[in-house]
$ cat upload_2.tsv   # TSV, C-alpha atoms
chain	number	residue	atom	x	y	z
F	181	MET	CA	100.66	123.25	132.10
F	182	LEU	CA	101.33	120.31	134.39
F	183	THR	CA	102.13	120.67	138.08
F	184	VAL	CA	102.82	116.98	138.68
F	185	ASP	CA	106.19	115.91	137.28
F	186	PHE	CA	105.65	112.50	135.69
F	187	SER	CA	109.38	111.86	135.59
F	188	ARG	CA	109.20	111.75	139.40
F	189	PHE	CA	105.76	110.16	139.51
F	190	PRO	CA	105.86	107.12	137.19
F	191	LEU	CA	102.67	106.15	135.43
F	192	ALA	CA	102.26	102.84	133.60
F	193	ALA	CA	99.85	102.11	130.77
F	194	GLY	CA	96.78	100.46	132.27
F	195	ASP	CA	97.12	102.15	135.66
F	196	ARG	CA	93.76	103.10	137.10
F	197	VAL	CA	94.02	106.82	137.92
F	198	LEU	CA	91.76	109.10	139.95
F	199	ASP	CA	92.18	112.83	139.24
F	200	LEU	CA	90.28	114.30	142.17
F	201	GLY	CA	89.15	117.88	141.75
F	202	CYS	CA	90.28	117.67	138.14
F	203	GLY	CA	89.16	121.19	137.19
F	204	ALA	CA	89.76	121.74	133.48
F	205	GLY	CA	91.40	118.31	133.25
F	206	ARG	CA	95.07	119.01	132.54
F	207	HIS	CA	96.46	116.08	134.55
F	208	ALA	CA	93.64	113.75	133.52
F	209	PHE	CA	94.40	114.43	129.86
F	210	GLU	CA	98.10	113.68	130.34
F	211	CYS	CA	97.33	110.41	132.11
F	212	TYR	CA	94.93	109.46	129.31
F	213	ARG	CA	97.64	110.16	126.71
F	214	ARG	CA	99.95	107.86	128.66
F	215	GLY	CA	97.53	104.96	128.39
F	216	ALA	CA	95.93	105.04	131.84
F	217	GLN	CA	92.37	104.20	132.81
F	218	VAL	CA	91.37	107.64	134.04
F	219	VAL	CA	88.49	108.74	136.24
F	220	ALA	CA	88.25	112.54	136.50
F	221	VAL	CA	86.08	113.80	139.37
F	222	ASP	CA	85.02	117.36	140.20
F	223	ARG	CA	82.09	118.97	141.97
F	224	ASN	CA	81.73	121.53	139.14
F	225	GLY	CA	79.32	120.00	136.65
F	226	GLU	CA	80.11	122.51	133.90
F	227	GLU	CA	83.82	121.72	134.02
F	228	ILE	CA	83.16	117.99	134.09
F	229	ARG	CA	81.06	118.23	130.94
F	230	GLU	CA	83.90	120.07	129.20
F	231	VAL	CA	86.42	117.46	130.36
F	232	ALA	CA	84.18	114.70	128.99
F	233	LYS	CA	84.05	116.48	125.61
F	234	TRP	CA	87.84	116.73	125.52
F	235	PHE	CA	88.20	113.05	126.39
F	236	ALA	CA	85.95	112.19	123.44
F	237	ALA	CA	87.85	114.56	121.13
F	238	MET	CA	91.20	113.05	122.14
F	239	LYS	CA	89.95	109.55	121.36
F	240	GLU	CA	88.48	110.68	118.04
F	241	ALA	CA	91.79	112.34	117.10
F	242	GLY	CA	93.76	109.18	117.88
F	243	GLU	CA	95.74	110.88	120.66
F	244	VAL	CA	95.43	107.97	123.11
F	245	PRO	CA	96.81	104.42	122.93
F	246	ALA	CA	94.70	101.31	122.71
F	247	GLY	CA	93.37	100.21	126.08
F	248	ALA	CA	93.26	103.69	127.59
F	249	THR	CA	89.90	104.73	129.03
F	250	ALA	CA	88.56	107.97	130.46
F	251	THR	CA	85.48	108.89	132.45
F	252	ALA	CA	84.44	112.30	133.79
F	253	MET	CA	81.94	112.53	136.62
F	254	GLU	CA	80.64	114.87	139.29
F	255	GLY	CA	81.49	113.86	142.81
F	256	ASP	CA	82.17	114.86	146.40
F	257	ALA	CA	85.79	114.54	147.54
F	258	LEU	CA	84.57	113.65	151.03
F	259	ALA	CA	82.32	110.81	149.84
F	260	LEU	CA	83.83	109.17	146.80
F	261	PRO	CA	81.58	106.60	145.07
F	262	PHE	CA	84.32	103.98	144.75
F	263	PRO	CA	85.15	100.81	146.72
F	264	ASP	CA	88.25	100.58	148.88
F	265	ASP	CA	91.53	99.98	147.02
F	266	SER	CA	90.14	101.02	143.62
F	267	PHE	CA	93.03	103.04	142.13
F	268	ASP	CA	96.71	102.58	141.42
F	269	VAL	CA	97.26	106.34	141.31
F	270	VAL	CA	95.52	109.36	142.85
F	271	ILE	CA	96.22	112.97	141.86
F	272	ILE	CA	94.79	115.96	143.70
F	273	SER	CA	96.18	119.25	142.39
F	274	GLU	CA	95.44	122.69	143.86
F	275	VAL	CA	92.34	121.44	145.65
F	276	MET	CA	93.02	120.82	149.34
F	277	GLU	CA	93.50	124.51	150.13
F	278	HIS	CA	89.80	124.98	149.24
F	279	ILE	CA	88.34	122.27	151.49
F	280	PRO	CA	87.67	122.80	155.22
F	281	ASP	CA	87.95	119.09	156.06
F	282	ASP	CA	91.32	118.36	154.45
F	283	LYS	CA	91.89	115.41	156.80
F	284	GLY	CA	88.62	113.90	155.56
F	285	VAL	CA	89.75	114.29	151.94
F	286	LEU	CA	93.08	112.63	152.73
F	287	ALA	CA	91.26	109.76	154.42
F	288	GLU	CA	89.05	109.23	151.35
F	289	MET	CA	92.03	109.28	148.99
F	290	VAL	CA	93.88	106.74	151.13
F	291	ARG	CA	90.75	104.57	151.27
F	292	VAL	CA	90.36	104.32	147.49
F	293	LEU	CA	94.12	103.98	146.81
F	294	LYS	CA	95.44	100.44	146.50
F	295	PRO	CA	98.21	99.32	148.88
F	296	GLY	CA	101.44	100.10	147.07
F	297	GLY	CA	99.67	102.81	145.06
F	298	ARG	CA	101.01	106.31	144.51
F	299	ILE	CA	99.55	109.71	145.26
F	300	ALA	CA	100.52	113.22	144.13
F	301	ILE	CA	99.30	116.24	146.07
F	302	THR	CA	99.92	119.84	145.02
F	303	VAL	CA	99.02	123.00	146.93
F	304	PRO	CA	100.02	126.67	146.69
F	305	ARG	CA	103.45	127.20	148.26
F	306	TYR	CA	103.51	129.03	151.58
F	307	GLY	CA	105.76	132.02	150.69
F	308	PRO	CA	104.26	133.09	147.34
F	309	GLU	CA	100.75	132.42	148.63
F	310	LYS	CA	101.34	134.51	151.75
F	311	ILE	CA	102.34	137.44	149.53
F	312	CYS	CA	99.14	137.06	147.49
F	313	TRP	CA	97.03	137.12	150.66
F	314	ALA	CA	98.89	140.20	151.93
F	315	LEU	CA	98.40	142.07	148.66
F	316	SER	CA	94.71	141.30	148.14
F	317	ASP	CA	91.79	140.15	150.25
F	318	ALA	CA	89.83	139.56	147.03
F	319	TYR	CA	92.38	136.90	146.02
F	320	HIS	CA	91.17	134.50	148.68
F	321	GLU	CA	88.02	135.92	150.29
F	322	VAL	CA	85.68	134.59	147.62
F	323	GLU	CA	83.18	131.75	147.61
F	324	GLY	CA	85.10	128.53	147.14
F	325	GLY	CA	88.42	130.35	147.52
F	326	HIS	CA	91.55	129.42	149.43
F	327	ILE	CA	90.89	128.97	153.14
F	328	ARG	CA	94.39	128.01	154.33
F	329	ILE	CA	98.06	128.27	153.42
F	330	TYR	CA	100.06	125.11	153.91
F	331	LYS	CA	103.60	124.99	155.17
F	332	ALA	CA	105.47	122.10	153.59
F	333	ASP	CA	106.05	120.24	156.84
F	334	GLU	CA	102.39	120.67	157.79
F	335	LEU	CA	101.17	118.99	154.60
F	336	ILE	CA	103.73	116.21	154.90
F	337	GLY	CA	102.69	115.66	158.51
F	338	LYS	CA	99.03	115.35	157.53
F	339	MET	CA	99.92	112.90	154.77
F	340	GLU	CA	101.87	110.75	157.22
F	341	ALA	CA	99.06	110.92	159.79
F	342	ALA	CA	96.67	109.65	157.08
F	343	GLY	CA	98.86	106.57	156.62
F	344	LEU	CA	100.86	107.66	153.57
F	345	LYS	CA	104.62	107.37	153.12
F	346	PRO	CA	105.99	110.52	151.41
F	347	TYR	CA	108.96	109.92	149.13
F	348	GLY	CA	109.65	113.20	147.36
F	349	THR	CA	108.78	116.88	146.99
F	350	HIS	CA	109.55	119.80	144.69
F	351	HIS	CA	108.26	123.22	143.68
F	352	ALA	CA	106.71	124.19	140.35
F	353	HIS	CA	105.66	127.24	138.31
F	354	GLY	CA	108.31	129.71	139.40
F	355	LEU	CA	107.36	132.01	136.51
F	356	HIS	CA	103.77	132.20	137.72
F	357	SER	CA	104.29	133.69	141.18
F	358	PRO	CA	105.13	137.21	139.87
F	359	TYR	CA	102.06	137.10	137.65
F	360	TRP	CA	99.79	136.47	140.63
F	361	TRP	CA	101.55	139.14	142.68
F	362	LEU	CA	100.83	141.60	139.87
F	363	LYS	CA	97.22	140.43	139.70
F	364	CYS	CA	96.81	140.94	143.43
F	365	ALA	CA	98.53	144.34	143.37
F	366	PHE	CA	96.47	145.74	140.46
F	367	GLY	CA	93.21	143.92	141.27
F	368	VAL	CA	92.50	140.24	140.75
F	369	ASP	CA	89.74	141.07	138.24
F	370	ASN	CA	91.71	143.81	136.48
F	371	ASP	CA	93.18	142.06	133.44
F	372	LYS	CA	93.63	145.36	131.59
F	373	ALA	CA	96.47	146.67	133.75
F	374	LEU	CA	99.50	146.92	131.47
F	375	PRO	CA	101.93	144.94	133.69
F	376	VAL	CA	99.36	142.16	134.09
F	377	LYS	CA	98.65	142.02	130.34
F	378	ALA	CA	102.34	142.01	129.47
F	379	TYR	CA	103.21	139.26	131.92
F	380	HIS	CA	100.22	137.18	130.78
F	381	LYS	CA	101.49	137.38	127.20
F	382	LEU	CA	104.85	136.12	128.41
F	383	LEU	CA	103.25	133.14	130.15
F	384	VAL	CA	101.14	132.24	127.12
F	385	TRP	CA	104.22	132.46	124.90
F	386	ASP	CA	106.13	130.25	127.32
F	387	ILE	CA	103.37	127.62	127.46
F	388	MET	CA	102.92	127.54	123.69
F	389	LYS	CA	106.56	127.73	122.56
F	390	LYS	CA	108.48	126.28	125.52
F	391	PRO	CA	111.64	128.23	124.69
F	392	LEU	CA	114.89	127.16	126.32
F	393	ALA	CA	115.40	130.56	127.99
F	394	THR	CA	112.18	130.43	130.01
F	395	ARG	CA	112.60	126.70	130.76
F	396	LEU	CA	115.98	127.46	132.31
F	397	ALA	CA	114.59	130.51	134.11
F	398	GLU	CA	111.78	128.48	135.62
F	399	GLN	CA	114.17	125.75	136.75
F	400	ALA	CA	116.20	128.40	138.57
F	401	LEU	CA	113.13	130.12	140.05
F	402	ASN	CA	111.21	127.02	141.16
F	403	PRO	CA	113.22	126.37	144.35
F	404	VAL	CA	112.98	130.05	145.28
F	405	ILE	CA	109.49	131.26	144.32
F	406	GLY	CA	107.76	128.26	142.76
F	407	LYS	CA	104.00	128.88	143.03
F	408	SER	CA	103.14	125.25	143.85
F	409	PHE	CA	104.44	122.75	146.38
F	410	VAL	CA	104.23	119.16	145.13
F	411	ALA	CA	104.44	116.09	147.35
F	412	TYR	CA	104.52	112.42	146.33
F	413	ALA	CA	103.73	109.44	148.54
F	414	THR	CA	102.84	105.77	148.51
F	415	LYS	CA	100.26	103.83	150.47
F	416	PRO	CA	102.22	101.13	152.31
F	417	HIS	CA	101.22	97.49	152.11
F	418	LEU	CA	99.87	96.14	155.37
F	419	PRO	CA	102.33	94.04	157.35
F	420	VAL	CA	101.68	90.33	156.85
F	421	SER	CA	100.57	89.95	160.47
F	422	ALA	CA	98.06	92.80	160.17
F	423	ALA	CA	96.72	91.63	156.80
F	424	ALA	CA	96.07	88.17	158.22
F	425	GLN	CA	93.90	89.45	161.07
$ encode --input "upload_2.tsv" --output "structure tokens"
Amino acid sequence: MLTVDFSRFPLAAGDRVLDLGCGAGRHAFECYRRGAQVVAVDRNGEEIREVAKWFAAMKEAGEVPAGATATAMEGDALALPFPDDSFDVVIISEVMEHIPDDKGVLAEMVRVLKPGGRIAITVPRYGPEKICWALSDAYHEVEGGHIRIYKADELIGKMEAAGLKPYGTHHAHGLHSPYWWLKCAFGVDNDKALPVKAYHKLLVWDIMKKPLATRLAEQALNPVIGKSFVAYATKPHLPVSAAAQ
């Protein structure tokens, strides 16, 4: 289940991609399939080991084109172990709402992104997220949980302040907001509640089968209750006068 829309966020074979806070690796795997040179970074060592296993399995199964590479490593989003201007593409999906120093993370991403490079940032959308917080303290008051709710213009403003040039936004996962509202209403750890179980089955069916009916439903729901807000930006080239200094 991808949050980044690669039809809006072009990726070329050979692009060097950083998936920062990669989690289980869903975007890193897609970039690998598209022929990129992927570096997946997360602070969770257990998840990184699983991502590395999946990278190896994908290569063994012949799912990636020649020239594609993939590396999984533990790392700190506030102190990335890469030189300046290392990546053509940076993706950070559903991560910044967890990190107190979000401006520091943005600065690190801009530092390692090449001039002219592209970045995709996704965060929980303000409205659906606000409902989750209102329904359940347990949803966000956990170690490593969500510490802020972004308004769209706030995130865009922070991206611009970091030196990025936003060029597009959209919302994603409209079918998922009601699921999380149910989870919050019945207890975030209560997967046995009948409405939660039934809706989860619907989501699994949708992900596996991709039926036209739910695809159309999600397209209609995304602008209204899409769970994620997605923003795309580029890192401008320095003006010739500044680059010469």
$ closest_residue --input "upload_2.tsv" --among "F:His207, F:Lys233, F:Lys310, F:Lys381" --to "Asp185 of chain F" --atoms "all atoms listed in the file"
F:His207
$ residues_near_point --input "upload_2.tsv" --point "(99.5, 135.7, 140.0)" --cutoff "10 Å" --atoms "all atoms listed in the file" --output "PDB file with C-alpha atoms, keeping the file's coordinate frame"
ATOM      1  CA  PRO F 308     104.260 133.090 147.340  1.00  0.00           C
ATOM      2  CA  GLU F 309     100.750 132.420 148.630  1.00  0.00           C
ATOM      3  CA  CYS F 312      99.140 137.060 147.490  1.00  0.00           C
ATOM      4  CA  TYR F 319      92.380 136.900 146.020  1.00  0.00           C
ATOM      5  CA  LEU F 355     107.360 132.010 136.510  1.00  0.00           C
ATOM      6  CA  HIS F 356     103.770 132.200 137.720  1.00  0.00           C
ATOM      7  CA  SER F 357     104.290 133.690 141.180  1.00  0.00           C
ATOM      8  CA  PRO F 358     105.130 137.210 139.870  1.00  0.00           C
ATOM      9  CA  TYR F 359     102.060 137.100 137.650  1.00  0.00           C
ATOM     10  CA  TRP F 360      99.790 136.470 140.630  1.00  0.00           C
ATOM     11  CA  TRP F 361     101.550 139.140 142.680  1.00  0.00           C
ATOM     12  CA  LEU F 362     100.830 141.600 139.870  1.00  0.00           C
ATOM     13  CA  LYS F 363      97.220 140.430 139.700  1.00  0.00           C
ATOM     14  CA  CYS F 364      96.810 140.940 143.430  1.00  0.00           C
ATOM     15  CA  ALA F 365      98.530 144.340 143.370  1.00  0.00           C
ATOM     16  CA  VAL F 368      92.500 140.240 140.750  1.00  0.00           C
ATOM     17  CA  VAL F 376      99.360 142.160 134.090  1.00  0.00           C
ATOM     18  CA  TYR F 379     103.210 139.260 131.920  1.00  0.00           C
ATOM     19  CA  HIS F 380     100.220 137.180 130.780  1.00  0.00           C
ATOM     20  CA  LYS F 407     104.000 128.880 143.030  1.00  0.00           C
TER      21      LYS F 407
END
$ atom_distance --input "upload_2.tsv" --atom1 "atom CA of Lys390 of chain F" --atom2 "atom CA of Met181 of chain F"
10.7 Å
$ atom_distance --input "upload_2.tsv" --atom1 "atom CA of Trp234 of chain F" --atom2 "atom CA of Ile299 of chain F"
24.0 Å
$ closest_residue --input "upload_2.tsv" --among "F:Gly201, F:Pro346, F:Gly242, F:Pro261" --to "Asp222 of chain F" --atoms "all atoms listed in the file"
F:Gly201
$ atom_distance --input "upload_2.tsv" --atom1 "atom CA of Glu230 of chain F" --atom2 "atom CA of Gly354 of chain F"
28.2 Å
$ residues_around --input "upload_2.tsv" --residues "Gly203 of chain F" --least-positions-apart "5" --cutoff "8 Å" --atoms "all atoms listed in the file" --output "VMD selection string"
chain F and resid 222 224 227 to 228
$ build_atoms --input "upload_2.tsv" --residues "segment 181-193 of chain F" --atoms "N, CA and C atoms" --output "CSV table (one decimal), in the frame of the given file"
chain,number,residue,atom,x,y,z
F,181,MET,N,99.7,122.9,131.1
F,181,MET,CA,100.7,123.2,132.1
F,181,MET,C,100.5,122.3,133.3
F,182,LEU,N,101.4,121.3,133.4
F,182,LEU,CA,101.3,120.3,134.4
F,182,LEU,C,102.1,120.7,135.7
F,183,THR,N,101.5,120.4,136.8
F,183,THR,CA,102.1,120.7,138.1
F,183,THR,C,102.8,119.4,138.6
F,184,VAL,N,102.2,118.3,138.4
F,184,VAL,CA,102.8,117.0,138.7
F,184,VAL,C,103.9,116.7,137.7
F,185,ASP,N,105.1,116.3,138.1
F,185,ASP,CA,106.2,115.9,137.3
F,185,ASP,C,106.2,114.4,137.1
F,186,PHE,N,105.8,113.9,135.9
F,186,PHE,CA,105.6,112.5,135.7
F,186,PHE,C,107.0,111.8,135.6
F,187,SER,N,108.1,112.5,135.5
F,187,SER,CA,109.4,111.9,135.6
F,187,SER,C,109.7,111.5,137.0
F,188,ARG,N,109.0,112.1,138.0
F,188,ARG,CA,109.2,111.8,139.4
F,188,ARG,C,108.0,110.9,139.9
F,189,PHE,N,107.0,110.8,139.1
F,189,PHE,CA,105.8,110.2,139.5
F,189,PHE,C,105.4,109.2,138.4
F,190,PRO,N,106.0,108.0,138.3
F,190,PRO,CA,105.9,107.1,137.2
F,190,PRO,C,104.4,106.6,137.0
F,191,LEU,N,104.0,106.6,135.8
F,191,LEU,CA,102.7,106.2,135.4
F,191,LEU,C,102.8,105.1,134.3
F,192,ALA,N,102.2,103.9,134.6
F,192,ALA,CA,102.3,102.8,133.6
F,192,ALA,C,101.0,102.7,132.8
F,193,ALA,N,101.1,102.3,131.6
F,193,ALA,CA,99.8,102.1,130.8
F,193,ALA,C,99.0,101.1,131.5
